[in-house]
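K.L.:
As input, take upload08.cif (mmCIF, C-alpha atoms):
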data_work
loop_
_atom_site.group_PDB
_atom_site.id
_atom_site.type_symbol
_atom_site.label_atom_id
_atom_site.label_comp_id
_atom_site.auth_asym_id
_atom_site.auth_seq_id
_atom_site.Cartn_x
_atom_site.Cartn_y
_atom_site.Cartn_z
ATOM 1 C CA MET A 1 0.000 0.000 0.000
ATOM 2 C CA HIS A 2 1.363 3.406 -0.973
ATOM 3 C CA ALA A 3 0.907 6.512 1.132
ATOM 4 C CA PRO A 4 1.921 10.115 0.483
ATOM 5 C CA ALA A 5 5.271 10.772 2.118
ATOM 6 C CA ALA A 6 6.236 13.937 3.912
ATOM 7 C CA LYS A 7 9.448 15.641 2.905
ATOM 8 C CA LEU A 8 11.050 13.863 5.851
ATOM 9 C CA ILE A 9 9.942 10.701 7.576
ATOM 10 C CA PRO A 10 10.081 11.668 11.278
ATOM 11 C CA PRO A 11 12.863 9.895 13.205
ATOM 12 C CA ASP A 12 10.443 8.536 15.801
ATOM 13 C CA ILE A 13 8.345 6.949 13.044
ATOM 14 C CA LEU A 14 11.417 5.360 11.462
ATOM 15 C CA LEU A 15 12.663 3.954 14.753
ATOM 16 C CA LEU A 16 9.220 2.634 15.663
ATOM 17 C CA ALA A 17 9.083 0.938 12.262
ATOM 18 C CA TYR A 18 12.412 -0.822 12.813
ATOM 19 C CA ARG A 19 11.354 -1.903 16.286
ATOM 20 C CA SER A 20 8.263 -3.398 14.633
ATOM 21 C CA GLY A 21 10.206 -5.184 11.883
ATOM 22 C CA VAL A 22 9.260 -2.955 8.940
ATOM 23 C CA PHE A 23 11.211 -0.476 6.828
ATOM 24 C CA PRO A 24 10.457 2.064 4.068
ATOM 25 C CA MET A 25 11.202 1.816 0.358
ATOM 26 C CA ALA A 26 10.266 3.791 -2.749
ATOM 27 C CA ASP A 27 9.605 2.787 -6.339
ATOM 28 C CA ALA A 28 12.014 5.304 -7.859
ATOM 29 C CA ARG A 29 14.546 7.990 -7.038
ATOM 30 C CA HIS A 30 12.126 10.877 -7.563
ATOM 31 C CA ASP A 31 9.048 9.144 -6.159
ATOM 32 C CA ASP A 32 7.214 11.270 -3.591
ATOM 33 C CA GLU A 33 5.692 8.221 -1.917
ATOM 34 C CA VAL A 34 7.109 5.502 0.305
ATOM 35 C CA PHE A 35 5.756 2.080 1.162
ATOM 36 C CA TRP A 36 6.467 -0.043 4.203
ATOM 37 C CA VAL A 37 7.891 -3.538 3.872
ATOM 38 C CA GLU A 38 7.899 -6.564 6.164
ATOM 39 C CA PRO A 39 9.425 -9.476 4.222
ATOM 40 C CA ARG A 40 7.977 -12.944 4.681
ATOM 41 C CA ARG A 41 11.524 -14.272 4.419
ATOM 42 C CA ARG A 42 14.188 -12.163 6.105
ATOM 43 C CA ALA A 43 17.923 -12.201 5.508
ATOM 44 C CA ILE A 44 20.156 -11.888 8.536
ATOM 45 C CA LEU A 45 23.902 -12.263 8.917
ATOM 46 C CA PRO A 46 24.793 -14.141 12.118
ATOM 47 C CA LEU A 47 27.572 -12.169 13.766
ATOM 48 C CA ASP A 48 29.536 -15.361 14.398
ATOM 49 C CA GLY A 49 28.914 -16.675 10.884
ATOM 50 C CA PHE A 50 30.615 -14.177 8.575
ATOM 51 C CA ARG A 51 32.561 -16.027 5.881
ATOM 52 C CA CYS A 52 35.943 -14.407 5.531
ATOM 53 C CA SER A 53 37.670 -15.915 2.502
ATOM 54 C CA LYS A 54 41.444 -16.105 2.292
ATOM 55 C CA SER A 55 41.445 -13.423 -0.378
ATOM 56 C CA LEU A 56 39.334 -11.058 1.738
ATOM 57 C CA ALA A 57 41.489 -11.721 4.795
ATOM 58 C CA LYS A 58 44.530 -10.787 2.711
ATOM 59 C CA VAL A 59 42.919 -7.515 1.608
ATOM 60 C CA LEU A 60 42.028 -6.701 5.217
ATOM 61 C CA LYS A 61 45.519 -7.448 6.521
ATOM 62 C CA GLN A 62 47.120 -5.390 3.767
ATOM 63 C CA GLY A 63 45.101 -2.365 4.801
ATOM 64 C CA ARG A 64 44.321 -1.719 1.150
ATOM 65 C CA TYR A 65 41.522 0.618 2.179
ATOM 66 C CA ARG A 66 41.381 3.083 5.032
ATOM 67 C CA VAL A 67 38.177 2.389 6.927
ATOM 68 C CA SER A 68 36.198 4.906 8.949
ATOM 69 C CA VAL A 69 32.867 5.096 10.758
ATOM 70 C CA ASP A 70 30.446 7.995 10.304
ATOM 71 C CA ALA A 71 33.070 10.067 8.483
ATOM 72 C CA ASP A 72 30.795 10.900 5.522
ATOM 73 C CA PHE A 73 27.356 9.401 5.999
ATOM 74 C CA ALA A 74 25.765 11.664 3.400
ATOM 75 C CA ALA A 75 28.230 10.631 0.690
ATOM 76 C CA VAL A 76 27.667 6.937 1.406
ATOM 77 C CA VAL A 77 23.883 7.225 1.107
ATOM 78 C CA THR A 78 24.193 9.246 -2.098
ATOM 79 C CA ALA A 79 26.549 6.633 -3.559
ATOM 80 C CA CYS A 80 24.173 3.817 -2.599
ATOM 81 C CA ALA A 81 21.334 5.675 -4.330
ATOM 82 C CA GLY A 82 23.340 6.177 -7.521
ATOM 83 C CA PRO A 83 23.028 4.310 -10.831
ATOM 84 C CA ARG A 84 23.775 0.591 -10.649
ATOM 85 C CA ALA A 85 25.911 -1.448 -13.003
ATOM 86 C CA ASP A 86 22.983 -3.772 -13.720
ATOM 87 C CA GLY A 87 20.873 -0.833 -14.840
ATOM 88 C CA GLU A 88 18.231 -1.360 -12.174
ATOM 89 C CA GLY A 89 16.693 1.671 -10.515
ATOM 90 C CA THR A 90 17.056 2.582 -6.868
ATOM 91 C CA TRP A 91 14.581 2.288 -4.016
ATOM 92 C CA ILE A 92 16.392 5.088 -2.175
ATOM 93 C CA SER A 93 14.264 8.097 -3.054
ATOM 94 C CA GLU A 94 15.211 11.660 -2.223
ATOM 95 C CA THR A 95 12.713 11.542 0.641
ATOM 96 C CA ILE A 96 14.325 8.405 2.048
ATOM 97 C CA GLU A 97 17.835 9.792 1.603
ATOM 98 C CA GLU A 98 17.032 13.024 3.434
ATOM 99 C CA SER A 99 15.155 11.146 6.157
ATOM 100 C CA TYR A 100 18.148 8.920 6.881
ATOM 101 C CA ARG A 101 20.532 11.864 6.873
ATOM 102 C CA ASN A 102 18.289 13.373 9.518
ATOM 103 C CA LEU A 103 18.276 10.089 11.435
ATOM 104 C CA HIS A 104 22.069 10.099 11.308
ATOM 105 C CA ARG A 105 22.107 13.565 12.840
ATOM 106 C CA GLN A 106 19.989 12.113 15.643
ATOM 107 C CA GLY A 107 22.665 9.446 16.210
ATOM 108 C CA ALA A 108 20.586 6.459 15.085
ATOM 109 C CA ALA A 109 21.964 5.840 11.579
ATOM 110 C CA HIS A 110 25.588 5.009 10.846
ATOM 111 C CA SER A 111 27.957 4.461 7.953
ATOM 112 C CA VAL A 112 31.174 2.566 7.344
ATOM 113 C CA GLU A 113 33.427 4.049 4.662
ATOM 114 C CA CYS A 114 36.329 2.641 2.640
ATOM 115 C CA TRP A 115 38.843 5.135 1.273
ATOM 116 C CA GLN A 116 41.657 4.781 -1.236
ATOM 117 C CA ASP A 117 44.031 7.672 -1.864
ATOM 118 C CA GLY A 118 41.532 10.022 -0.252
ATOM 119 C CA GLU A 119 38.633 8.867 -2.442
ATOM 120 C CA LEU A 120 35.501 7.153 -1.146
ATOM 121 C CA VAL A 121 35.446 3.792 -2.945
ATOM 122 C CA GLY A 122 33.011 1.731 -0.915
ATOM 123 C CA GLY A 123 30.795 1.629 2.116
ATOM 124 C CA LEU A 124 27.479 0.845 3.705
ATOM 125 C CA TYR A 125 24.926 2.437 5.974
ATOM 126 C CA GLY A 126 22.200 1.286 8.306
ATOM 127 C CA VAL A 127 20.064 1.969 11.347
ATOM 128 C CA ALA A 128 20.911 1.085 14.944
ATOM 129 C CA VAL A 129 18.129 0.353 17.438
ATOM 130 C CA ASP A 130 19.298 -1.023 20.781
ATOM 131 C CA GLN A 131 21.275 -4.205 19.895
ATOM 132 C CA LEU A 132 19.829 -4.385 16.369
ATOM 133 C CA PHE A 133 21.611 -3.066 13.289
ATOM 134 C CA CYS A 134 19.612 -2.944 10.066
ATOM 135 C CA GLY A 135 21.869 -2.782 7.037
ATOM 136 C CA GLU A 136 20.192 -0.642 4.397
ATOM 137 C CA SER A 137 22.508 -0.584 1.400
ATOM 138 C CA MET A 138 26.132 -0.823 0.312
ATOM 139 C CA PHE A 139 28.195 0.182 -2.693
ATOM 140 C CA SER A 140 31.597 -0.572 -4.155
ATOM 141 C CA ARG A 141 33.761 1.266 -6.669
ATOM 142 C CA ALA A 142 36.866 -0.855 -6.084
ATOM 143 C CA ASP A 143 37.545 -4.569 -5.669
ATOM 144 C CA ASN A 144 36.240 -5.956 -2.370
ATOM 145 C CA ALA A 145 35.517 -2.502 -0.928
ATOM 146 C CA SER A 146 31.959 -3.304 0.163
ATOM 147 C CA LYS A 147 33.113 -6.657 1.572
ATOM 148 C CA VAL A 148 35.755 -4.864 3.625
ATOM 149 C CA ALA A 149 33.123 -2.455 4.948
ATOM 150 C CA LEU A 150 30.846 -5.345 5.913
ATOM 151 C CA ALA A 151 33.697 -7.254 7.558
ATOM 152 C CA TRP A 152 34.486 -4.220 9.684
ATOM 153 C CA LEU A 153 30.819 -3.769 10.549
ATOM 154 C CA VAL A 154 30.484 -7.367 11.757
ATOM 155 C CA VAL A 155 33.484 -7.073 14.080
ATOM 156 C CA LEU A 156 32.414 -3.661 15.375
ATOM 157 C CA LEU A 157 28.901 -4.912 16.101
ATOM 158 C CA ARG A 158 30.285 -7.871 18.030
ATOM 159 C CA ARG A 159 32.589 -5.655 20.062
ATOM 160 C CA ALA A 160 29.829 -3.184 20.791
ATOM 161 C CA GLY A 161 27.460 -5.884 22.034
ATOM 162 C CA TYR A 162 24.946 -6.044 19.199
ATOM 163 C CA VAL A 163 23.157 -9.350 18.664
ATOM 164 C CA LEU A 164 21.305 -9.009 15.343
ATOM 165 C CA LEU A 165 22.429 -7.832 11.901
ATOM 166 C CA ASP A 166 19.399 -7.534 9.632
ATOM 167 C CA CYS A 167 20.147 -7.636 5.893
ATOM 168 C CA GLN A 168 16.466 -7.419 4.878
ATOM 169 C CA PHE A 169 16.498 -9.277 1.514
ATOM 170 C CA MET A 170 18.732 -12.189 0.545
ATOM 171 C CA THR A 171 21.110 -11.823 -2.398
ATOM 172 C CA ASP A 172 23.742 -14.168 -3.801
ATOM 173 C CA HIS A 173 26.381 -11.700 -2.611
ATOM 174 C CA LEU A 174 25.119 -11.750 0.977
ATOM 175 C CA ALA A 175 24.690 -15.530 0.945
ATOM 176 C CA SER A 176 28.328 -15.931 -0.076
ATOM 177 C CA LEU A 177 29.311 -13.945 3.024
ATOM 178 C CA GLY A 178 27.272 -16.056 5.415
ATOM 179 C CA ALA A 179 23.797 -14.516 5.396
ATOM 180 C CA VAL A 180 20.864 -16.853 5.991
ATOM 181 C CA GLU A 181 17.121 -16.576 5.436
ATOM 182 C CA ILE A 182 14.644 -16.951 8.278
ATOM 183 C CA THR A 183 10.882 -16.726 8.579
ATOM 184 C CA ARG A 184 9.049 -13.567 9.584
ATOM 185 C CA GLU A 185 8.034 -15.269 12.830
ATOM 186 C CA ARG A 186 11.610 -16.211 13.710
ATOM 187 C CA TYR A 187 12.778 -12.704 12.885
ATOM 188 C CA GLN A 188 10.208 -11.234 15.266
ATOM 189 C CA GLN A 189 11.563 -13.473 18.035
ATOM 190 C CA LEU A 190 15.132 -12.314 17.407
ATOM 191 C CA LEU A 191 13.947 -8.728 17.093
ATOM 192 C CA GLY A 192 12.369 -8.874 20.542
ATOM 193 C CA ASP A 193 15.657 -9.993 22.072
ATOM 194 C CA ALA A 194 17.668 -7.398 20.142
ATOM 195 C CA THR A 195 15.473 -4.468 21.168
ATOM 196 C CA SER A 196 15.397 -5.289 24.873
ATOM 197 C CA GLY A 197 18.147 -2.845 25.793
ATOM 198 C CA PRO A 198 21.094 -0.773 24.531
ATOM 199 C CA PRO A 199 24.424 -2.282 23.426
ATOM 200 C CA ALA A 200 27.490 -2.199 25.652
ATOM 201 C CA MET A 201 29.091 0.580 23.614
ATOM 202 C CA SER A 202 28.615 2.677 20.495
ATOM 203 C CA LEU A 203 29.943 1.707 17.075
ATOM 204 C CA ASN A 204 32.344 4.639 17.249
ATOM 205 C CA ALA A 205 33.687 3.409 20.583
ATOM 206 C CA ALA A 206 34.098 -0.079 19.131
ATOM 207 C CA TYR A 207 35.954 1.412 16.162
ATOM 208 C CA ALA A 208 38.273 3.303 18.511
ATOM 209 C CA SER A 209 38.992 0.072 20.392
ATOM 210 C CA VAL A 210 40.042 -1.683 17.169
ATOM 211 C CA VAL A 211 42.364 1.159 16.207
ATOM 212 C CA SER A 212 43.822 1.242 19.726
ATOM 213 C CA GLU A 213 44.372 -2.528 19.757
ATOM 214 C CA ALA A 214 46.129 -2.401 16.395
ATOM 215 C CA SER A 215 48.358 0.431 17.591
ATOM 216 C CA SER A 216 49.245 -1.352 20.840
ATOM 217 C CA ALA A 217 50.119 -4.517 18.925
ATOM 218 C CA GLY A 218 52.251 -2.609 16.445
ATOM 219 C CA ALA A 219 50.098 -3.843 13.570
ATOM 220 C CA SER A 220 50.718 -2.221 10.211
ATOM 221 C CA SER A 221 46.960 -1.832 9.711
ATOM 222 C CA SER A 222 43.811 -2.039 11.822
ATOM 223 C CA GLY A 223 42.520 -4.458 9.214
ATOM 224 C CA LYS A 224 44.773 -7.136 10.710
ATOM 225 C CA VAL A 225 42.708 -7.009 13.894
ATOM 226 C CA ILE A 226 39.519 -7.347 11.840
ATOM 227 C CA ALA A 227 40.870 -10.293 9.840
ATOM 228 C CA GLN A 228 42.091 -12.111 12.950
ATOM 229 C CA SER A 229 38.729 -11.632 14.670
ATOM 230 C CA LEU A 230 36.874 -13.095 11.702
ATOM 231 C CA ILE A 231 39.258 -15.976 11.056
ATOM 232 C CA HIS A 232 38.923 -17.110 14.669
ATOM 233 C CA THR A 233 35.134 -17.329 14.403
ATOM 234 C CA SER A 234 34.542 -18.389 10.775
#
Could you render the structure from this file as structure tokens?

P.N.:
Amino acid sequence: MHAPAAKLIPPDILLLAYRSGVFPMADARHDDEVFWVEPRRRAILPLDGFRCSKSLAKVLKQGRYRVSVDADFAAVVTACAGPRADGEGTWISETIEESYRNLHRQGAAHSVECWQDGELVGGLYGVAVDQLFCGESMFSRADNASKVALAWLVVLLRRAGYVLLDCQFMTDHLASLGAVEITRERYQQLLGDATSGPPAMSLNAAYASVVSEASSAGASSSGKVIAQSLIHTS
């Protein structure tokens, strides 16, 4: 069902939606309407089930990309809303983009960025509600950049005390990284547990702990800490 959308979806409405297991989408970039979705089959990525291939672990250890958190949320969302290689349109309308920028300013939406030579080449963004993180979209302009961003996100969520990473819809790409599909009923059970209280720390604090650990260990890149964390649990 479609309903006229305001210029901004109020943050309290967005957060209530995520707590209820639904999220907004649009039919096209310039669509003035949004519709609310609650998939019958939901994709989640178990935080102890991320598949870190040898090639991805190598990229992480090399520190090929500089990774940051919340350094340029607006640029990540804009990149995710941009034209796709497969020619398909985007569900991230201007209304949705502006609404999530506003949610980010409220501290409830976050981004992970991958940089190469000062250029943003990959990243993802999503919404944090208590111990739930809902991944909204990701993009990549360089080999493995979005995978690196997701690998970092998984480790940061674990460190921060999150328990559920919602990927919304299953794709071959997500399945290759360890995502699984569950029923709507099972998702609601997990959602109840995940929204029972705040995480132990913020994503930014978790990021700082990774950087500090890498520095204390004399690691050439923080990515080594990420790779080691994933290899030990995959």

K.L.:
Return the single residue from A:Asp48, A:Glu136, A:Asp27, A:Glu213 that is closest to Ile231 in chain A, with distances computed using only C-alpha atoms.

P.N.:
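The closest residue to Ile231 in chain A is A:Asp48.
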
K.L.:
Selected by the PyMOL selection byres ((chain A and resi 98) around 10) in the shown coordinates: which residues, as a list in words?

P.N.:
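This file, filtered by the PyMOL selection byres ((chain A and resi 98) around 10), leaves Lys7, Leu8, Ile9, Ala74, Val77, Thr78, Ile92, Ser93, Glu94, Thr95, Ile96, Glu97, Ser99, Tyr100, Arg101, Asn102, Leu103 and His104 of chain A.
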
K.L.:
For Tyr125 in chain A, which residue among A:Val154, A:Leu16, A:Ala200, A:Val76 is the nearest when counting all atoms listed in the file?

P.N.:
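Ranking A:Val154, A:Leu16, A:Ala200, A:Val76 by distance to Tyr125 in chain A, first place goes to A:Val76.
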
K.L.:
Please provide the set of residues having any atom within 6 Å of Gly178 in chain A, restricted to only C-alpha atoms, with same-chain residues fewer than 3 positions apart removed, written as an mmCIF file with C-alpha atoms, in the coordinates of the input.

P.N.:
data_model
loop_
_atom_site.group_PDB
_atom_site.id
_atom_site.type_symbol
_atom_site.label_atom_id
_atom_site.label_comp_id
_atom_site.auth_asym_id
_atom_site.auth_seq_id
_atom_site.Cartn_x
_atom_site.Cartn_y
_atom_site.Cartn_z
ATOM 1 C CA GLY A 49 28.914 -16.675 10.884
ATOM 2 C CA PHE A 50 30.615 -14.177 8.575
ATOM 3 C CA ARG A 51 32.561 -16.027 5.881
ATOM 4 C CA ALA A 175 24.690 -15.530 0.945
#

K.L.:
Please provide as a ChimeraX atom specification all residues within 7 Å of Gly223 in chain A, with the sequence filter that same-chain residues fewer than 4 positions apart are discarded (counting only C-alpha atoms).

P.N.:
/A:60-61,63,227

K.L.:
Could you check which of A:Gly107, A:Gly82, A:Gly89, A:Gly126 is closest to Arg141 in chain A, using all atoms listed in the file?

P.N.:
A:Gly82

K.L.:
What residues come out when you apply the PyMOL selection byres ((chain A and resi 64) around 10) to this file, written as a PyMOL selection string?

P.N.:
chain A and resi 58-63+65-67+114-117+144-145+148+221+223

K.L.:
Between A:Ser53, A:Thr183, A:Gln131, A:Thr90, which is the closest to Gln228 in chain A once you count only C-alpha atoms?

P.N.:
A:Ser53

K.L.:
Can you pull out the residues contacting range 201-211 of chain A? Cut-off 9 Å, using all atoms listed in the file, and skip same-chain residues under 3 positions away; I want them as an NGL selection string.

P.N.:
:A and (68-70 or 110 or 152-153 or 155-162 or 198 or 214-216 or 221-223 or 225-226)

K.L.:
For the selection you just gave me, I'd like the residues written to a file as an mmCIF file, in the coordinates of the input, keeping C-alpha atoms.

P.N.:
data_model
loop_
_atom_site.group_PDB
_atom_site.id
_atom_site.type_symbol
_atom_site.label_atom_id
_atom_site.label_comp_id
_atom_site.auth_asym_id
_atom_site.auth_seq_id
_atom_site.Cartn_x
_atom_site.Cartn_y
_atom_site.Cartn_z
ATOM 1 C CA SER A 68 36.198 4.906 8.949
ATOM 2 C CA VAL A 69 32.867 5.096 10.758
ATOM 3 C CA ASP A 70 30.446 7.995 10.304
ATOM 4 C CA HIS A 110 25.588 5.009 10.846
ATOM 5 C CA TRP A 152 34.486 -4.220 9.684
ATOM 6 C CA LEU A 153 30.819 -3.769 10.549
ATOM 7 C CA VAL A 155 33.484 -7.073 14.080
ATOM 8 C CA LEU A 156 32.414 -3.661 15.375
ATOM 9 C CA LEU A 157 28.901 -4.912 16.101
ATOM 10 C CA ARG A 158 30.285 -7.871 18.030
ATOM 11 C CA ARG A 159 32.589 -5.655 20.062
ATOM 12 C CA ALA A 160 29.829 -3.184 20.791
ATOM 13 C CA GLY A 161 27.460 -5.884 22.034
ATOM 14 C CA TYR A 162 24.946 -6.044 19.199
ATOM 15 C CA PRO A 198 21.094 -0.773 24.531
ATOM 16 C CA ALA A 214 46.129 -2.401 16.395
ATOM 17 C CA SER A 215 48.358 0.431 17.591
ATOM 18 C CA SER A 216 49.245 -1.352 20.840
ATOM 19 C CA SER A 221 46.960 -1.832 9.711
ATOM 20 C CA SER A 222 43.811 -2.039 11.822
ATOM 21 C CA GLY A 223 42.520 -4.458 9.214
ATOM 22 C CA VAL A 225 42.708 -7.009 13.894
ATOM 23 C CA ILE A 226 39.519 -7.347 11.840
#

K.L.:
Separation of CA of Cys52 in chain A and CA of Ala142 in chain A, in Å?

P.N.:
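According to the coordinates, CA of Cys52 in chain A and CA of Ala142 in chain A are separated by 17.9 Å.
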
K.L.:
What gap, in Å, lies between CA of Pro46 in chain A and CA of Asp72 in chain A?

P.N.:
26.6 Å

K.L.:
So what do you get for CA of Ser20 in chain A versus CA of Phe133 in chain A, distance-wise?

P.N.:
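The value is 13.4 Å.
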
K.L.:
Got a sec to resolve the PyMOL selection byres ((chain A and resi 138) around 10) on this structure and send the residues as a ChimeraX atom specification?

P.N.:
/A:76-77,79-81,111-113,122-126,135-137,139-140,145-147,149-150

K.L.:
Specify the axis-aligned box that encloses all atoms of range 203-206 of chain A listed in the file after padding of 4 Å on each side, stating its centre and edge lengths in Å to one decimal as lines of an AutoDock Vina configuration file.

P.N.:
center_x = 32.0
center_y = 2.3
center_z = 18.8
size_x = 12.2
size_y = 12.7
size_z = 11.5

K.L.:
Identify which of the residues A:Arg19, A:Lys224, A:Arg40, A:His173 lies closest to Asp130 in chain A, counting only C-alpha atoms when measuring atom-to-atom distances.

P.N.:
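Of the candidates, the smallest distance to Asp130 in chain A is held by A:Arg19.
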